[in-house]
Each structure stands twice: as C-alpha cells, then as structure tokens.
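The block underneath contains the structure these notes are about, expressed in structure tokens.
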Amino acid sequence: MSPAPGPGSPQQQASLLVINPSGNRSRVGMSPLPFSIGRQADNHLVLRDNRASRNHARIVEEDGGFFIEDLNSRHGVTVNGVPIRGRQKLSSGDRIEFGVQDSYKLVFTLEEAEIQRLMEQMSSPVSQTGATASLSKLRALVEVARTVQSSLSTQAVLSTVVDAALTVTGAERGFLLLRQKDDLEIVVARDHRGRAIPPGELEVPAHLIQKALSDRRDMLPMSFDPREQADPDISTSRKTLRGVLCVPLVHVRTGGTEETMMLSTMGDAAGVIYLESRLGATDLTAGDQELLQTLAMEASTILENARLLEQERLRQKMDEELKIAREIQQSLMPRKLPSSGWFRAAAASIPSHQVGGDYCDVRQLSADTWAFVVADVSGKGVSSALLASLLQGAFLAGGHAAMRIEELMAHVNRFLTERTEGEKYATLFCGVMSRNGQLRWSNAGHCPPLVLRRSGEIFRLAATSMPLGMLEQAEFEVQHTQLAPGDKIVVYTDGVSEAQNPSGQFFEARHLEQVLRASAVKPCEELISTLIRAVEVFTEDMPQSDDITAVAMEYAPEEPS
C-alpha cells in the first residue's frame with residue numbers, strides 16, 4: 001500500500017468492489033469511516049445473507065492505513081483466503097470474504113485523488129518531453145473518463161477513450177468496435193479533431209483487426225509503404241494508409257494486488273480499438289504503448305460496468321415484479337383465523353424465494369363445519385406460485401360445501417392434469433371438521449399430518465392416494481377420525497421436515513414431533529410460532545431451498561361458540 005500522505009499531498013480514497021452471491025458487482029465508496037459491514041439494516045454495507053452476523057466486521061483508518069476488524073462474527077472474516085485474528089491491515093486488491101461459501105466477496109481498492117493535479121499538469125507551462133509528457137496526459141484523460149463515467153452515457157465515455165487514443169498516438173482516425181456474436185460492430189468512429197466520421201466513411205480493414213485478435217497480442221502496430229499493396233484487405237480508396245494500430249479490449253481480472261489484462265483467444269476480447277493514419281507510419285514509444293494498454297483496460301472496465309449495471313437494473317425490475325407477485329399471493333392466504341370457539345386455527349408460510357409453491361386455506365362452511373386444505377406444488381419459484389394460485393381458484397370454484405371431498409379432489413385433479421399434462425403435480429391434504437369431533441380427510445401424497453393429544457401422544461394421518469395432477473382417472477379415498485376435546489391437527493409441508501442446517505442435517509419429522517410434544521397444551525398460534533422458531537434456530541437462519549408452511553387446528557368443544 002502507498003505510504004500515508006503528508007501535508008499537501010493527495011488524499012487516498014478507498015472503495016470496495018462488492019460481488020453478491022448471484023455474481024452481480026457494484027462499487028461502494030467507504031464513507032463514512034469506520035465503515036460497518038453486516039446483516040443488520042443500519043450497517044453501511046448490508047450483507048443480505050442470513051449466515052452473516054448482524055454486525056460482522058468494520059473497516060477503520062489509522063495513521064494513513066486501512067484495517068479490517070472482525071466484530072466477533074459467527075463465521076469469521078478471511079483476507080485473501082486466510083482467516084484474520086482480530087484485525088488486519090488492508091492492501092489494494094485484497095479479497096475479503098465472510099467465512100462461508102457462495103456468499104458476498106469484497107475487493108478493497110485505493111485510488112489517489114489526483115484528478116485535479118493531473119488536469120493542471122496538462123495546462124502547465126512546465127516543459128515535459130517524451131513518455132513522461134504522454135504519461136501525464138493519458139493519466140489525466142483516463143481520470144477524466146472515470147469521472148464522466150458516473151454522469152454520462154457509456155457511448156459518451158467510450159468516445160472519450162477513442163479521443164484519448166488519438167491524442168496519444170497522433171493518428172488521424174479512430175474506431176472502437178465491439179463484438180456482437182461472431183461479428184464486430186463499430187460503435188465509435190472519430191477523427192483527430194473530435195468529429196464523428198460520416199457513415200459513408202466507416203470502412204475498416206476487417207482482416208487486420210481479426211489478425212490483431214487471433215495473434216493474441218496486446219497491441220498490433222503495422223506500417224505500410226504507399227507504393228506497395230501491403231494488405232489485400234485495404235481497398236483501393238485507402239491505399240494511402242501509412243500506419244494502423246489495433247488494441248484489443250480484453251477482460252480485466254483482479255489477481256493479488258494488481259489488475260492484469262488476460263488475452264488467450266478472440267473469445268476473451270470484448271472488441272478492439274483501431275487507429276489509422278495517412279500522414280506517417282506508426283512509431284510508438286514504450287510509454288505510448290503503456291498508455292494505450294491502459295486505455296484499452298479502461299474501455300473494457302467501462303463496458304463491463306455497463307453490462308453489470310444493465311444486469312442490476314434487470315434484477316431490480318424482476319425483484320419488483322416478484323414483490324408484487326408475493327403480495328398478491330400473500331393476500332390469498334387466510335387473513336384471520338379463529339382463536340376462540342369450538343374450532344381454532346393458526347398458520348404460517350415462509351417462501352424460499354420471493355414467491356413459493358405452498359398453499360393453505362381454512363374456511364367456515366357453516367356454524368357446525370370448518371374445511372381446510374394444505375398443498376405443496378412441485379418445484380419452486382414463480383411457476384409453482386402461479387400453479388398454487390390456480391389450485392386455490394379450483395378449490396374455490398368447486399366449493400367444499402357443494403360436493404363431497406372425494407368429488408372435490410377428483411375435480412381439482414382433472415383441472416391440474418388438463419393444464420399441466422403431468423409435468424406438474426401437487427401433494428395435498430384436505431379435510432372437514434364437524435362440531436361433533438368427526439374429521440373427514442383425504443391425503444394425496446402429502447406429508448402425514450400429525451394429530452396431537454393433550455397428553456403429548458401423536459399419531460399420523462398417512463397418505464390415502466397419489467398426488468394430484470399425475471393421473472387423470474386417479475381415485476381419492478376419504479377416511480374418518482374421531483377427535484377428542486383438546487386434540488390438535490398439525491399439517492405441514494416438506495419444507496419443515498427437510499429444512500437444513502449449515503452442516504447439511506435435516507430437521508426431520510422426529511424433531512418436529514419433539515417440538516410438538518413439548519408444546520401440546522399451547523394455543524394454536526403459540527404452537528405455530530414455537531415450531532417456526534425451532535426451525536429457524538436449527539437452520540441458523542440459513543436460506544432454505546423449499547417453502548415452509550404449517551397449519552395447526554384445535555378441536556375445543558367445551559368452549560362456547
């Protein structure tokens with residue numbers, strides 16, 4: 001890392017390249033300091049990963065240097081793959097991770113705030129010669145490009161890069177071409193006066209450009225004798241060319257403390273800067289070549305940032321759409337369940353993604369009858385959520401009161417098979433509870449619901465048929481169970497029993513039964529809260545791959561209706 005700035009020297013600005021678990025990147029300035037990092041919403045950088053600690057780490061500045069401190073986090077902090085103890089000094093390019101795989105990654109970078117000083121050097125009367133003058137000029141131009149990047153379009157910034165390349169080389173015309181599948185498309189065409197080249201003059205020697213890419217060179221200068229036909233790709237109207245220069249735009253990869261350009265095949269190149277001149281042959285100093293390589297790297301970075309920004313915009317748009325879908329789906333859940341009377345109920349549903357494929361409903365058919373259904377559609381995400389909503393519509397259209405359970409199940413089964421052709425199915429538990437304690441139910445391949453006695457005794461309501469949507473002519477058996485006062489029925493989806501902790505262990509039905517036995521006398525709402533909390537503690541808040549839904553219902557005839 002650079003030494004601490006003294007009085008009057010440029011201050012060092014620190015930033016973090018943030019790579020989220022999906023691979024999307026963004027750059028965050030570290031202000032103010034200390035800069036806090038963690039899962040809690042009031043951190044300067046919020047890690048949206050339940051495995052991260054609420055206050056995981058912070059970065060502080062002392063004596064001109066930057067240090068990262070582990071705030072007694074659960075999984076620790078690593079720098080360049082090595083766990084830190086307490087705190088560690090950071091160098092530009094250091095990779096910071098948070099002790100778990102597939103989580104956030106940070107790259108710490110430092111930049112000297114020299115834009116104004118370099119701009120002043122460009123207009124300074126002090127004489128500079130050769131590579132030194134070119135280096136100062138290019139650094140200023142690159143810094144200007146970085147500055148306008150935040151406020152202008154990508155096209156404007158790339159035009160600035162081409163202008164800078166023309167300034168460095170003294171070439172007459174410059175082009176920036178980007179790869180579009182197997183072709184190269186001209187996106188910037190400028191002359192040395194900063195004017196756009198007319199469409200009729202946009203011809204470029206494709207053979208030379210392909211040679212620059214296929215030769216795997218960082219730079220390919222060529223000089224021609226106008227008396228000779230140097231290259232068959234140069235048309236008759238352009239035989240006066242004396243020199244051309246091709247600079248591939250290559251991907252920038254961070255490694256250690258340096259950024260390096262890596263070029264192996266044309267597939268690694270995003271495009272090329274092509275420069276040409278009729279006045280003189282291409283003759284670049286080592287300093288000029290370094291400047292052009294820096295410009296190519298800068299253009300590649302601009303293009304990558306534009307691509308990532310577009311990805312982020314698409315992700316945000318999708319997140320907004322999923323948020324709306326989730327709100328619609330949540331509005332279809334029962335809003336108010338009875339907490340008193342002879343029938344009581346409580347429910348909770350936590351989707352693994354923005355929207356899930358679980359569905360539950362509890363509704364009163366008459367003063368003496370309540371009906372309920374819990375379903376789990378195969379798969380996850382939006383498609384399963386839409387099918388769950390269709391499933392709810394089918395039940396509402398069929399109506400518990402209008403037909404018997406077996407007829408209703410057959411009706412919904414036909415509905416699914418007609419619309420999904422067997423590609424999607426749903427496990428489902430459907431039942432009707434009467435005031436006299438009789439429970440009529442059918443289990444279509446669903447996790448066996450548990451009947452919980454006040455004594456803590458538990459027995460299961462096993463599957464009576466295959467899931468819905470698999471076979472059009474399937475039959476659905478209905479069974480009867482007599483409930484005793486105080487009995488509770490707990491219906492859940494496999495997201496509960498298959499919830500995983502960081503070690504890969506499952507919550508399993510036996511753990512579920514232990515929790516229920518310990519909560520046998522609790523009201524339904526408290527029982528469901530206890531169960532959900534037990535799952536969260538077991539999984540250590542780790543994101544789950546399946547939706548979690550549970551419904552508890554109690555038969556309490558001693559209470560007045």
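Residues in the structure tokens are numbered from 1 in each chain, the chains being A, B, ... in the order shown, and ligands are numbered from 1 in the order shown.
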
Neighbour list for A:Ala552 as JSON, numbers by chain, cut-off 9 Å, only C-alpha atoms, skip fewer than 2 positions in-chain: {"A": [344, 345, 346, 347, 488, 489, 490, 491, 492, 524, 525, 527, 528, 550, 554]}

Could you write out that same residue set with N, CA and C atoms as a compact mmCIF listing (two decimals), in the first residue's frame?
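So result_31.txt came out as:
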# COMPACT_ATOMS: atom_id res chain seq x y z
N ARG A 344 -60.41 -23.79 16.40
CA ARG A 344 -59.38 -22.74 16.45
C ARG A 344 -58.26 -23.12 15.49
N ALA A 345 -57.60 -22.10 14.95
CA ALA A 345 -56.56 -22.39 13.95
C ALA A 345 -55.53 -21.27 13.90
N ALA A 346 -54.33 -21.63 13.42
CA ALA A 346 -53.25 -20.67 13.17
C ALA A 346 -52.40 -21.24 12.04
N ALA A 347 -51.77 -20.35 11.26
CA ALA A 347 -50.98 -20.79 10.11
C ALA A 347 -49.80 -19.86 9.89
N LYS A 488 -55.28 -31.53 18.62
CA LYS A 488 -54.83 -30.58 17.59
C LYS A 488 -54.35 -31.37 16.37
N ILE A 489 -54.57 -30.80 15.21
CA ILE A 489 -54.05 -31.36 13.96
C ILE A 489 -53.02 -30.39 13.41
N VAL A 490 -51.82 -30.88 13.14
CA VAL A 490 -50.76 -30.05 12.57
C VAL A 490 -50.45 -30.57 11.17
N VAL A 491 -50.73 -29.73 10.17
CA VAL A 491 -50.46 -30.07 8.77
C VAL A 491 -49.28 -29.21 8.32
N TYR A 492 -48.30 -29.83 7.68
CA TYR A 492 -47.09 -29.09 7.29
C TYR A 492 -46.62 -29.57 5.91
N CYS A 524 -52.99 -22.69 19.48
CA CYS A 524 -52.51 -22.93 18.11
C CYS A 524 -51.50 -21.88 17.65
N GLU A 525 -51.81 -20.62 17.88
CA GLU A 525 -50.93 -19.56 17.40
C GLU A 525 -49.56 -19.66 18.04
N LEU A 527 -48.24 -22.38 19.33
CA LEU A 527 -47.61 -23.62 18.87
C LEU A 527 -46.93 -23.41 17.52
N ILE A 528 -47.61 -22.73 16.60
CA ILE A 528 -47.02 -22.49 15.28
C ILE A 528 -45.79 -21.58 15.41
N ALA A 550 -46.97 -24.36 7.69
CA ALA A 550 -47.54 -25.19 8.76
C ALA A 550 -48.87 -24.59 9.21
N GLU A 554 -57.35 -26.84 16.28
CA GLU A 554 -57.70 -27.47 17.56
C GLU A 554 -59.21 -27.69 17.64

Using the chain letters and numbers from this document, which residues of stretch 335-505 of chain A does DSSP assign to strand (DSSP E), as a PyMOL selection string? chain A and resi 343-350+358-366+369-377+426-434+438-444+450-452+458-460+479-482+488-492

Quick one: everything within 10 Å of A:Arg27, counting only C-alpha atoms, minus sequence neighbours fewer than 6 positions away in the same chain. Send it as an MDAnalysis selection string. chainID A and resid 15:19 106:109 305

I need the residues from that last selection saved to file as a JSON list (two decimals), in the first residue's frame (with all heavy atoms), if you can.
[["chain", "number", "residue", "atom", "x", "y", "z"],
["A", 15, "SER", "N", -12.33, 2.27, -1.66],
["A", 15, "SER", "CA", -13.64, 1.77, -2.10],
["A", 15, "SER", "C", -13.63, 0.25, -2.06],
["A", 15, "SER", "O", -12.58, -0.39, -1.93],
["A", 15, "SER", "CB", -13.97, 2.28, -3.51],
["A", 15, "SER", "OG", -13.04, 1.76, -4.45],
["A", 16, "LEU", "N", -14.82, -0.32, -2.18],
["A", 16, "LEU", "CA", -14.98, -1.77, -2.18],
["A", 16, "LEU", "C", -15.72, -2.19, -3.44],
["A", 16, "LEU", "O", -16.77, -1.64, -3.76],
["A", 16, "LEU", "CB", -15.76, -2.24, -0.94],
["A", 16, "LEU", "CG", -15.10, -2.05, 0.42],
["A", 16, "LEU", "CD1", -16.09, -2.34, 1.53],
["A", 16, "LEU", "CD2", -13.88, -2.95, 0.57],
["A", 17, "LEU", "N", -15.16, -3.17, -4.14],
["A", 17, "LEU", "CA", -15.90, -3.84, -5.20],
["A", 17, "LEU", "C", -16.69, -4.95, -4.54],
["A", 17, "LEU", "O", -16.12, -5.88, -3.95],
["A", 17, "LEU", "CB", -14.94, -4.42, -6.24],
["A", 17, "LEU", "CG", -15.59, -5.27, -7.35],
["A", 17, "LEU", "CD1", -16.52, -4.42, -8.19],
["A", 17, "LEU", "CD2", -14.53, -5.93, -8.22],
["A", 18, "VAL", "N", -18.03, -4.86, -4.60],
["A", 18, "VAL", "CA", -18.91, -5.80, -3.90],
["A", 18, "VAL", "C", -19.46, -6.81, -4.92],
["A", 18, "VAL", "O", -20.10, -6.42, -5.89],
["A", 18, "VAL", "CB", -20.07, -5.06, -3.20],
["A", 18, "VAL", "CG1", -20.95, -6.06, -2.46],
["A", 18, "VAL", "CG2", -19.52, -4.02, -2.25],
["A", 19, "ILE", "N", -19.19, -8.09, -4.68],
["A", 19, "ILE", "CA", -19.70, -9.17, -5.54],
["A", 19, "ILE", "C", -20.70, -9.96, -4.71],
["A", 19, "ILE", "O", -20.33, -10.62, -3.73],
["A", 19, "ILE", "CB", -18.56, -10.09, -6.02],
["A", 19, "ILE", "CG1", -17.45, -9.26, -6.67],
["A", 19, "ILE", "CG2", -19.09, -11.13, -7.00],
["A", 19, "ILE", "CD1", -16.20, -10.04, -6.96],
["A", 106, "LEU", "N", -15.66, -9.19, -1.32],
["A", 106, "LEU", "CA", -15.29, -7.80, -1.47],
["A", 106, "LEU", "C", -13.85, -7.70, -1.96],
["A", 106, "LEU", "O", -13.01, -8.53, -1.60],
["A", 106, "LEU", "CB", -15.42, -7.02, -0.15],
["A", 106, "LEU", "CG", -16.71, -7.21, 0.67],
["A", 106, "LEU", "CD1", -16.62, -6.38, 1.95],
["A", 106, "LEU", "CD2", -17.91, -6.81, -0.14],
["A", 107, "VAL", "N", -13.57, -6.70, -2.79],
["A", 107, "VAL", "CA", -12.20, -6.39, -3.20],
["A", 107, "VAL", "C", -11.92, -4.96, -2.77],
["A", 107, "VAL", "O", -12.61, -4.02, -3.19],
["A", 107, "VAL", "CB", -12.00, -6.56, -4.72],
["A", 107, "VAL", "CG1", -10.57, -6.20, -5.09],
["A", 107, "VAL", "CG2", -12.32, -7.99, -5.15],
["A", 108, "PHE", "N", -10.91, -4.80, -1.92],
["A", 108, "PHE", "CA", -10.54, -3.48, -1.38],
["A", 108, "PHE", "C", -9.61, -2.79, -2.37],
["A", 108, "PHE", "O", -8.63, -3.37, -2.85],
["A", 108, "PHE", "CB", -9.85, -3.67, -0.03],
["A", 108, "PHE", "CG", -9.30, -2.40, 0.56],
["A", 108, "PHE", "CD1", -10.15, -1.51, 1.21],
["A", 108, "PHE", "CD2", -7.95, -2.10, 0.47],
["A", 108, "PHE", "CE1", -9.64, -0.35, 1.77],
["A", 108, "PHE", "CE2", -7.44, -0.94, 1.02],
["A", 108, "PHE", "CZ", -8.30, -0.06, 1.67],
["A", 109, "THR", "N", -9.90, -1.52, -2.72],
["A", 109, "THR", "CA", -9.06, -0.78, -3.66],
["A", 109, "THR", "C", -8.79, 0.62, -3.13],
["A", 109, "THR", "O", -9.61, 1.20, -2.42],
["A", 109, "THR", "CB", -9.72, -0.67, -5.05],
["A", 109, "THR", "OG1", -11.01, -0.05, -4.91],
["A", 109, "THR", "CG2", -9.88, -2.03, -5.69],
["A", 305, "ASN", "N", -18.71, -2.54, -16.59],
["A", 305, "ASN", "CA", -19.59, -1.84, -15.65],
["A", 305, "ASN", "C", -20.96, -1.59, -16.26],
["A", 305, "ASN", "O", -21.99, -1.71, -15.58],
["A", 305, "ASN", "CB", -18.96, -0.51, -15.24],
["A", 305, "ASN", "CG", -17.78, -0.69, -14.30],
["A", 305, "ASN", "OD1", -17.60, -1.76, -13.73],
["A", 305, "ASN", "ND2", -16.96, 0.34, -14.16]]

Would you pick out the contacts of stretch 170-179 of chain A at 9 Å or less, using only C-alpha atoms, so that residues sharing its chain but fewer than 5 positions from it are not included, and give the list as number ranges by chain? A: 158-159, 161-163, 165, 184-193, 197, 202, 204, 243-245, 249, 269-280, 282

Top pick for closest residue to A:His480, considering A:Thr427, A:Ser503, A:Ser442, A:Thr154 and counting only C-alpha atoms: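 Of A:Thr427, A:Ser503, A:Ser442, A:Thr154, the one nearest A:His480, counting only C-alpha atoms, is A:Ser442.
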
Near-stretch 386-397 of chain A list (7 Å; only C-alpha atoms; drop same-chain fewer than 5 positions) as a ChimeraX atom specification: /A:357-359,377,412

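Remark: for A:Phe415, the closest of the candidate residues A:Glu540, A:Glu526, A:Glu472, A:Glu457 is A:Glu472 (distances computed over only C-alpha atoms).
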
Give me, please, the distance in Å between atom CA of A:Gly486 and atom CA of A:Ser529, quoted to one decimal. 18.6 Å

Would you list the contacts of A:Met30 as a VMD selection string, taking every protein, DNA or RNA residue within 9 Å and counting only C-alpha atoms, but skipping same-chain residues closer than 3 positions in sequence? chain A and resid 13 to 16 33 to 35 44 59

Write the residues you've just listed into a file as a CSV table (one decimal), in the first residue's frame, and include all heavy atoms for each of them.
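Final file, out33.csv:
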chain,number,residue,atom,x,y,z
A,13,GLN,N,-8.4,7.6,-1.5
A,13,GLN,CA,-9.8,7.3,-1.4
A,13,GLN,C,-9.9,5.8,-1.5
A,13,GLN,O,-9.3,5.1,-2.4
A,13,GLN,CB,-10.5,8.0,-2.6
A,13,GLN,CG,-10.5,9.5,-2.5
A,13,GLN,CD,-11.2,10.1,-3.7
A,13,GLN,OE1,-11.4,9.5,-4.7
A,13,GLN,NE2,-11.6,11.4,-3.5
A,14,ALA,N,-10.6,5.2,-0.6
A,14,ALA,CA,-10.8,3.7,-0.5
A,14,ALA,C,-12.2,3.4,-1.0
A,14,ALA,O,-13.2,4.1,-0.7
A,14,ALA,CB,-10.6,3.2,0.9
A,15,SER,N,-12.3,2.3,-1.7
A,15,SER,CA,-13.6,1.8,-2.1
A,15,SER,C,-13.6,0.3,-2.1
A,15,SER,O,-12.6,-0.4,-1.9
A,15,SER,CB,-14.0,2.3,-3.5
A,15,SER,OG,-13.0,1.8,-4.4
A,16,LEU,N,-14.8,-0.3,-2.2
A,16,LEU,CA,-15.0,-1.8,-2.2
A,16,LEU,C,-15.7,-2.2,-3.4
A,16,LEU,O,-16.8,-1.6,-3.8
A,16,LEU,CB,-15.8,-2.2,-0.9
A,16,LEU,CG,-15.1,-2.0,0.4
A,16,LEU,CD1,-16.1,-2.3,1.5
A,16,LEU,CD2,-13.9,-3.0,0.6
A,33,LEU,N,-16.2,6.7,7.8
A,33,LEU,CA,-15.3,5.7,8.5
A,33,LEU,C,-15.5,5.9,10.0
A,33,LEU,O,-15.7,7.1,10.4
A,33,LEU,CB,-13.9,5.9,8.1
A,33,LEU,CG,-13.5,5.4,6.7
A,33,LEU,CD1,-12.1,5.9,6.3
A,33,LEU,CD2,-13.6,3.9,6.6
A,34,PRO,N,-15.5,4.9,10.8
A,34,PRO,CA,-15.4,3.5,10.5
A,34,PRO,C,-16.6,3.0,9.6
A,34,PRO,O,-17.7,3.5,9.7
A,34,PRO,CB,-15.5,2.8,11.8
A,34,PRO,CG,-15.1,3.8,12.8
A,34,PRO,CD,-15.6,5.1,12.3
A,35,PHE,N,-16.3,2.1,8.7
A,35,PHE,CA,-17.3,1.6,7.7
A,35,PHE,C,-17.8,0.2,8.2
A,35,PHE,O,-17.0,-0.8,8.2
A,35,PHE,CB,-16.6,1.5,6.4
A,35,PHE,CG,-17.6,1.1,5.2
A,35,PHE,CD1,-18.3,2.1,4.6
A,35,PHE,CD2,-17.7,-0.2,4.8
A,35,PHE,CE1,-19.2,1.8,3.6
A,35,PHE,CE2,-18.5,-0.5,3.7
A,35,PHE,CZ,-19.3,0.5,3.1
A,44,HIS,N,-23.3,0.2,7.1
A,44,HIS,CA,-23.0,1.0,5.8
A,44,HIS,C,-23.1,0.0,4.6
A,44,HIS,O,-23.5,0.4,3.5
A,44,HIS,CB,-21.7,1.6,5.9
A,44,HIS,CG,-21.6,2.6,7.0
A,44,HIS,ND1,-20.8,2.5,8.1
A,44,HIS,CD2,-22.2,3.8,7.3
A,44,HIS,CE1,-20.9,3.5,8.9
A,44,HIS,NE2,-21.8,4.3,8.4
A,59,ILE,N,-14.3,-1.6,8.8
A,59,ILE,CA,-13.0,-1.1,8.3
A,59,ILE,C,-12.8,0.3,8.9
A,59,ILE,O,-13.6,1.2,8.9
A,59,ILE,CB,-13.1,-1.0,6.8
A,59,ILE,CG1,-13.2,-2.5,6.2
A,59,ILE,CG2,-11.8,-0.4,6.2
A,59,ILE,CD1,-13.4,-2.5,4.7

One number please: atom CA of A:Asp494 to atom CA of A:Phe429, in Å, one decimal. 12.5 Å

Just give me the gap between atom CA of A:Glu536 and atom CA of A:Thr549 in Å, one decimal is fine. 13.0 Å

Select, from A:Val382, A:Met466, A:Gly200, A:Ile350, the residue with the minimum atom-to-atom distance to A:Ala410, counting only C-alpha atoms. A:Met466
